[in-house]
>>> print(open('model.txt').read())   # compact mmCIF, C-alpha atoms
# COMPACT_ATOMS: atom_id res chain seq x y z
CA MET M 58 27.36 -23.14 24.32
CA THR M 59 27.56 -21.34 21.01
CA THR M 60 29.66 -22.96 18.34
CA PRO M 61 31.11 -21.19 15.29
CA ALA M 62 28.61 -23.05 13.11
CA ASP M 63 25.73 -21.55 15.13
CA VAL M 64 27.17 -18.06 14.70
CA VAL M 65 27.55 -18.55 10.95
CA ARG M 66 24.04 -20.01 10.74
CA THR M 67 22.71 -16.88 12.45
CA LEU M 68 24.84 -14.19 10.77
CA VAL M 69 24.65 -15.30 7.13
CA PRO M 70 20.85 -14.99 6.74
CA ALA M 71 20.90 -11.71 8.69
CA LEU M 72 23.62 -10.29 6.43
CA ILE M 73 21.77 -11.43 3.32
CA ALA M 74 18.61 -9.74 4.61
CA GLY M 75 20.59 -6.59 5.42
CA ILE M 76 22.05 -6.47 1.91
CA ALA M 77 18.57 -7.04 0.48
CA CYS M 78 17.24 -4.14 2.61
CA TYR M 79 20.04 -1.91 1.34
CA VAL M 80 19.36 -2.79 -2.31
CA LEU M 81 15.61 -2.38 -1.81
CA LEU M 82 15.95 1.03 -0.17
CA ARG M 83 18.58 2.31 -2.56
CA TRP M 84 17.29 1.23 -5.96
CA ALA M 85 13.95 -0.60 -5.87
CA ALA M 86 11.74 1.26 -3.38
CA VAL M 87 10.91 4.30 -5.52
CA PRO M 88 9.66 2.32 -8.56
CA LEU M 89 7.80 -0.09 -6.27
CA LEU M 90 6.08 2.78 -4.45
CA THR M 91 5.11 4.30 -7.80
CA HIS M 92 3.47 1.04 -8.87
CA LEU M 93 1.93 0.60 -5.43
CA GLU M 94 0.24 3.98 -5.76
CA THR M 95 -1.37 2.92 -9.04
CA GLY M 96 -2.38 -0.42 -7.55
CA MET M 97 -3.92 1.22 -4.48
CA GLU M 98 -5.94 3.54 -6.70
CA TYR M 99 -7.25 0.52 -8.60
CA ALA M 100 -8.09 -1.20 -5.30
CA VAL M 101 -10.04 1.84 -4.07
CA ASN M 102 -11.89 1.95 -7.39
CA VAL M 103 -12.85 -1.73 -7.08
CA VAL M 104 -14.19 -1.15 -3.56
CA VAL M 105 -16.18 1.86 -4.79
CA VAL M 106 -17.69 -0.14 -7.63
CA GLY M 107 -18.63 -2.86 -5.14
CA LEU M 108 -20.30 -0.29 -2.91
CA LEU M 109 -22.13 1.44 -5.75
CA LEU M 110 -23.40 -1.71 -7.47
CA PRO M 111 -26.30 -2.35 -5.02
CA GLU M 112 -27.34 1.31 -5.30
CA TYR M 113 -27.25 1.05 -9.09
CA CYS M 114 -29.39 -2.09 -9.10
CA TRP M 115 -31.87 -0.58 -6.63
CA THR M 116 -32.14 2.66 -8.60
CA ARG M 117 -32.62 0.78 -11.84
CA ALA M 118 -35.39 -1.34 -10.32
CA GLN M 119 -37.05 1.76 -8.86
CA ARG M 120 -37.02 3.48 -12.22
CA ARG M 121 -38.67 0.48 -13.87
CA VAL M 122 -41.42 0.36 -11.25
CA SER M 123 -42.14 4.02 -10.51
CA GLY M 124 -40.39 5.92 -13.27
CA HIS M 125 -37.98 7.76 -10.94
CA ALA M 126 -35.29 6.82 -8.45
CA ALA M 127 -35.57 7.11 -4.70
CA PRO M 128 -34.01 10.36 -3.45
CA PHE M 129 -31.77 8.64 -0.87
CA ALA M 130 -30.05 6.71 -3.65
CA TYR M 131 -28.33 9.86 -4.88
CA THR M 132 -27.28 10.76 -1.35
CA TYR M 133 -25.74 7.32 -0.86
CA GLY M 134 -23.90 7.54 -4.19
CA ASP M 135 -22.58 11.00 -3.34
CA ALA M 136 -21.41 9.79 0.07
CA VAL M 137 -19.59 6.81 -1.42
CA CYS M 138 -17.94 9.00 -4.05
CA THR M 139 -16.87 11.52 -1.39
CA VAL M 140 -15.30 8.79 0.73
CA ALA M 141 -13.60 7.37 -2.37
CA SER M 142 -12.20 10.77 -3.27
CA ALA M 143 -10.88 11.19 0.26
CA GLY M 144 -9.33 7.71 0.05
CA HIS M 145 -7.63 8.57 -3.25
CA ARG M 146 -6.22 11.79 -1.78
CA CYS M 147 -5.04 10.06 1.40
CA VAL M 148 -3.36 7.18 -0.42
CA GLY M 149 -1.78 9.56 -2.92
CA THR M 150 -0.45 11.86 -0.20
CA VAL M 151 1.00 9.09 1.97
CA LEU M 152 2.62 7.18 -0.88
CA SER M 153 3.93 10.37 -2.47
CA ALA M 154 5.54 11.39 0.83
CA LEU M 155 7.06 7.92 1.22
CA ARG M 156 8.37 7.99 -2.35
CA GLU M 157 9.95 11.42 -1.78
CA ALA M 158 11.53 10.33 1.50
CA VAL M 159 12.95 7.11 0.06
CA GLY M 160 14.07 8.96 -3.07
CA GLN M 161 16.19 11.30 -0.95
CA LEU M 162 17.99 8.45 0.82
CA GLY M 163 21.59 8.26 -0.20
CA HIS M 164 23.98 5.37 0.21
CA ARG M 165 24.38 6.11 3.92
CA GLY M 166 20.66 6.18 4.57
CA ALA M 167 20.14 2.92 2.71
CA LEU M 168 23.09 1.40 4.56
CA TRP M 169 21.60 2.44 7.90
CA GLY M 170 18.28 0.94 6.81
CA GLY M 171 20.03 -2.31 5.95
CA LEU M 172 21.87 -2.31 9.27
CA LEU M 173 18.63 -1.67 11.15
CA GLY M 174 16.97 -4.50 9.23
CA THR M 175 19.86 -6.82 10.10
CA GLY M 176 19.73 -5.75 13.74
CA ALA M 177 16.00 -6.37 13.88
CA ILE M 178 16.42 -9.84 12.43
CA LEU M 179 19.23 -10.70 14.82
CA TRP M 180 17.33 -9.28 17.78
CA SER M 181 14.16 -11.21 16.97
CA GLY M 182 16.15 -14.41 16.57
CA LEU M 183 14.46 -15.44 13.29
CA PRO M 184 17.33 -17.26 11.55
>>> encode(input="model.txt", output="structure tokens")
Amino acid sequence: MTTPADVVRTLVPALIAGIACYVLLRWAAVPLLTHLETGMEYAVNVVVVGLLLPEYCWTRAQRRVSGHAAPFAYTYGDAVCTVASAGHRCVGTVLSALREAVGQLGHRGALWGGLLGTGAILWSGLP
């Protein structure tokens, strides 16, 4: 049997999460997505540097030994840079679209997002 204390124990965290979803969607999501875009670009750059470092070391060693780099080294570097460029464009497009969509949410849209977040929490039975 459900007691009033059980109902309060379930509803209060769900309402707090719903209010937090509303505030996040209404005022904090656009600046967070802007910073996330910059952070994702930095992350892609770190991965690219990690992928290009072995090629750099190999090319440098080849130049010391033979005086010129192996031809496949340039192909590998071009391929990595092409994939990195595609990653930058993809991340930029997706996050820009998300930022635009969240930026156009009004109070009603943010309220619906908060209500859906509350409903999802209540439905999953987390609290």
>>> atom_distance(input="model.txt", atom1="CA of Tyr113 in chain M", atom2="CA of Cys147 in chain M")
26.2 Å
>>> residues_around(input="model.txt", residues="Gly75 in chain M", least_positions_apart="6", cutoff="10 Å", atoms="only C-alpha atoms", output="list in words")
Val69, Leu81, Ala167, Leu168, Trp169, Gly170, Gly171, Leu172, Leu173, Gly174, Thr175, Gly176, Ala177 and Ile178 of chain M
>>> closest_residue(input="model.txt", among="M:Leu68, M:Val148, M:Ala154, M:Val159", to="Glu94 in chain M", atoms="only C-alpha atoms")
M:Val148
>>> residues_around(input="model.txt", residues="Leu109 in chain M", least_positions_apart="4", cutoff="9 Å", atoms="all atoms listed in the file", output="ChimeraX atom specification")
/M:104-105,113-114,133-134,137-138
>>> residues_around(input="model.txt", residues="Ala127 in chain M", least_positions_apart="4", cutoff="8 Å", atoms="all atoms listed in the file", output="list in words")
Thr116, Gln119 and Tyr131 of chain M
>>> write_last_selection(input="model.txt", atoms="C-alpha atoms", output="mmCIF file, keeping the file's coordinate frame")
data_model
loop_
_atom_site.group_PDB
_atom_site.id
_atom_site.type_symbol
_atom_site.label_atom_id
_atom_site.label_comp_id
_atom_site.auth_asym_id
_atom_site.auth_seq_id
_atom_site.Cartn_x
_atom_site.Cartn_y
_atom_site.Cartn_z
ATOM 1 C CA THR M 116 -32.140 2.660 -8.600
ATOM 2 C CA GLN M 119 -37.050 1.760 -8.860
ATOM 3 C CA TYR M 131 -28.330 9.860 -4.880
#
>>> atom_distance(input="model.txt", atom1="CA of Gly163 in chain M", atom2="CA of Ala86 in chain M")
12.5 Å
>>> atom_distance(input="model.txt", atom1="CA of Gly124 in chain M", atom2="CA of Gly107 in chain M")
24.8 Å
>>> build_atoms(input="model.txt", residues="range 102-113 of chain M", atoms="all heavy atoms", output="tab-separated table (two decimals), in the frame of the given file")
chain	number	residue	atom	x	y	z
M	102	ASN	N	-10.85	1.92	-6.36
M	102	ASN	CA	-11.89	1.95	-7.39
M	102	ASN	C	-12.73	0.67	-7.37
M	102	ASN	O	-13.95	0.72	-7.55
M	102	ASN	CB	-11.28	2.14	-8.77
M	102	ASN	CG	-10.75	3.54	-8.98
M	102	ASN	OD1	-11.14	4.47	-8.28
M	102	ASN	ND2	-9.84	3.68	-9.92
M	103	VAL	N	-12.11	-0.47	-7.13
M	103	VAL	CA	-12.85	-1.73	-7.08
M	103	VAL	C	-13.80	-1.73	-5.88
M	103	VAL	O	-14.96	-2.16	-5.98
M	103	VAL	CB	-11.88	-2.93	-7.03
M	103	VAL	CG1	-12.59	-4.21	-6.65
M	103	VAL	CG2	-11.17	-3.09	-8.36
M	104	VAL	N	-13.33	-1.23	-4.74
M	104	VAL	CA	-14.19	-1.15	-3.56
M	104	VAL	C	-15.37	-0.21	-3.82
M	104	VAL	O	-16.52	-0.51	-3.46
M	104	VAL	CB	-13.38	-0.69	-2.33
M	104	VAL	CG1	-14.28	-0.36	-1.16
M	104	VAL	CG2	-12.38	-1.76	-1.93
M	105	VAL	N	-15.11	0.91	-4.48
M	105	VAL	CA	-16.18	1.86	-4.79
M	105	VAL	C	-17.20	1.22	-5.72
M	105	VAL	O	-18.42	1.38	-5.52
M	105	VAL	CB	-15.59	3.16	-5.40
M	105	VAL	CG1	-16.68	4.03	-5.99
M	105	VAL	CG2	-14.83	3.91	-4.34
M	106	VAL	N	-16.75	0.52	-6.72
M	106	VAL	CA	-17.69	-0.14	-7.63
M	106	VAL	C	-18.52	-1.17	-6.86
M	106	VAL	O	-19.74	-1.27	-7.07
M	106	VAL	CB	-16.94	-0.81	-8.81
M	106	VAL	CG1	-17.83	-1.76	-9.57
M	106	VAL	CG2	-16.39	0.26	-9.73
M	107	GLY	N	-17.89	-1.90	-5.96
M	107	GLY	CA	-18.63	-2.86	-5.14
M	107	GLY	C	-19.66	-2.20	-4.25
M	107	GLY	O	-20.74	-2.75	-4.01
M	108	LEU	N	-19.35	-1.01	-3.74
M	108	LEU	CA	-20.30	-0.29	-2.91
M	108	LEU	C	-21.41	0.37	-3.71
M	108	LEU	O	-22.53	0.53	-3.22
M	108	LEU	CB	-19.58	0.76	-2.07
M	108	LEU	CG	-18.68	0.22	-0.96
M	108	LEU	CD1	-17.90	1.36	-0.32
M	108	LEU	CD2	-19.50	-0.51	0.08
M	109	LEU	N	-21.12	0.77	-4.93
M	109	LEU	CA	-22.13	1.44	-5.75
M	109	LEU	C	-23.03	0.48	-6.53
M	109	LEU	O	-24.09	0.87	-6.98
M	109	LEU	CB	-21.47	2.40	-6.73
M	109	LEU	CG	-20.89	3.68	-6.13
M	109	LEU	CD1	-20.20	4.50	-7.20
M	109	LEU	CD2	-21.96	4.48	-5.44
M	110	LEU	N	-22.61	-0.76	-6.69
M	110	LEU	CA	-23.40	-1.71	-7.47
M	110	LEU	C	-24.79	-1.96	-6.87
M	110	LEU	O	-25.78	-1.93	-7.62
M	110	LEU	CB	-22.64	-3.03	-7.64
M	110	LEU	CG	-23.29	-4.05	-8.55
M	110	LEU	CD1	-23.40	-3.49	-9.96
M	110	LEU	CD2	-22.50	-5.33	-8.55
M	111	PRO	N	-24.94	-2.18	-5.56
M	111	PRO	CA	-26.30	-2.35	-5.02
M	111	PRO	C	-27.18	-1.11	-5.24
M	111	PRO	O	-28.37	-1.22	-5.55
M	111	PRO	CB	-26.09	-2.61	-3.54
M	111	PRO	CG	-24.69	-3.05	-3.41
M	111	PRO	CD	-23.94	-2.41	-4.53
M	112	GLU	N	-26.59	0.07	-5.08
M	112	GLU	CA	-27.34	1.31	-5.30
M	112	GLU	C	-27.77	1.41	-6.76
M	112	GLU	O	-28.90	1.82	-7.05
M	112	GLU	CB	-26.47	2.51	-4.90
M	112	GLU	CG	-27.17	3.84	-5.03
M	112	GLU	CD	-26.84	4.56	-6.31
M	112	GLU	OE1	-25.79	4.24	-6.91
M	112	GLU	OE2	-27.63	5.42	-6.72
M	113	TYR	N	-26.91	1.02	-7.66
M	113	TYR	CA	-27.25	1.05	-9.09
M	113	TYR	C	-28.40	0.10	-9.39
M	113	TYR	O	-29.36	0.46	-10.09
M	113	TYR	CB	-26.02	0.68	-9.92
M	113	TYR	CG	-26.31	0.46	-11.38
M	113	TYR	CD1	-26.57	1.53	-12.22
M	113	TYR	CD2	-26.35	-0.82	-11.91
M	113	TYR	CE1	-26.86	1.33	-13.56
M	113	TYR	CE2	-26.62	-1.04	-13.24
M	113	TYR	CZ	-26.88	0.04	-14.06
M	113	TYR	OH	-27.17	-0.16	-15.39
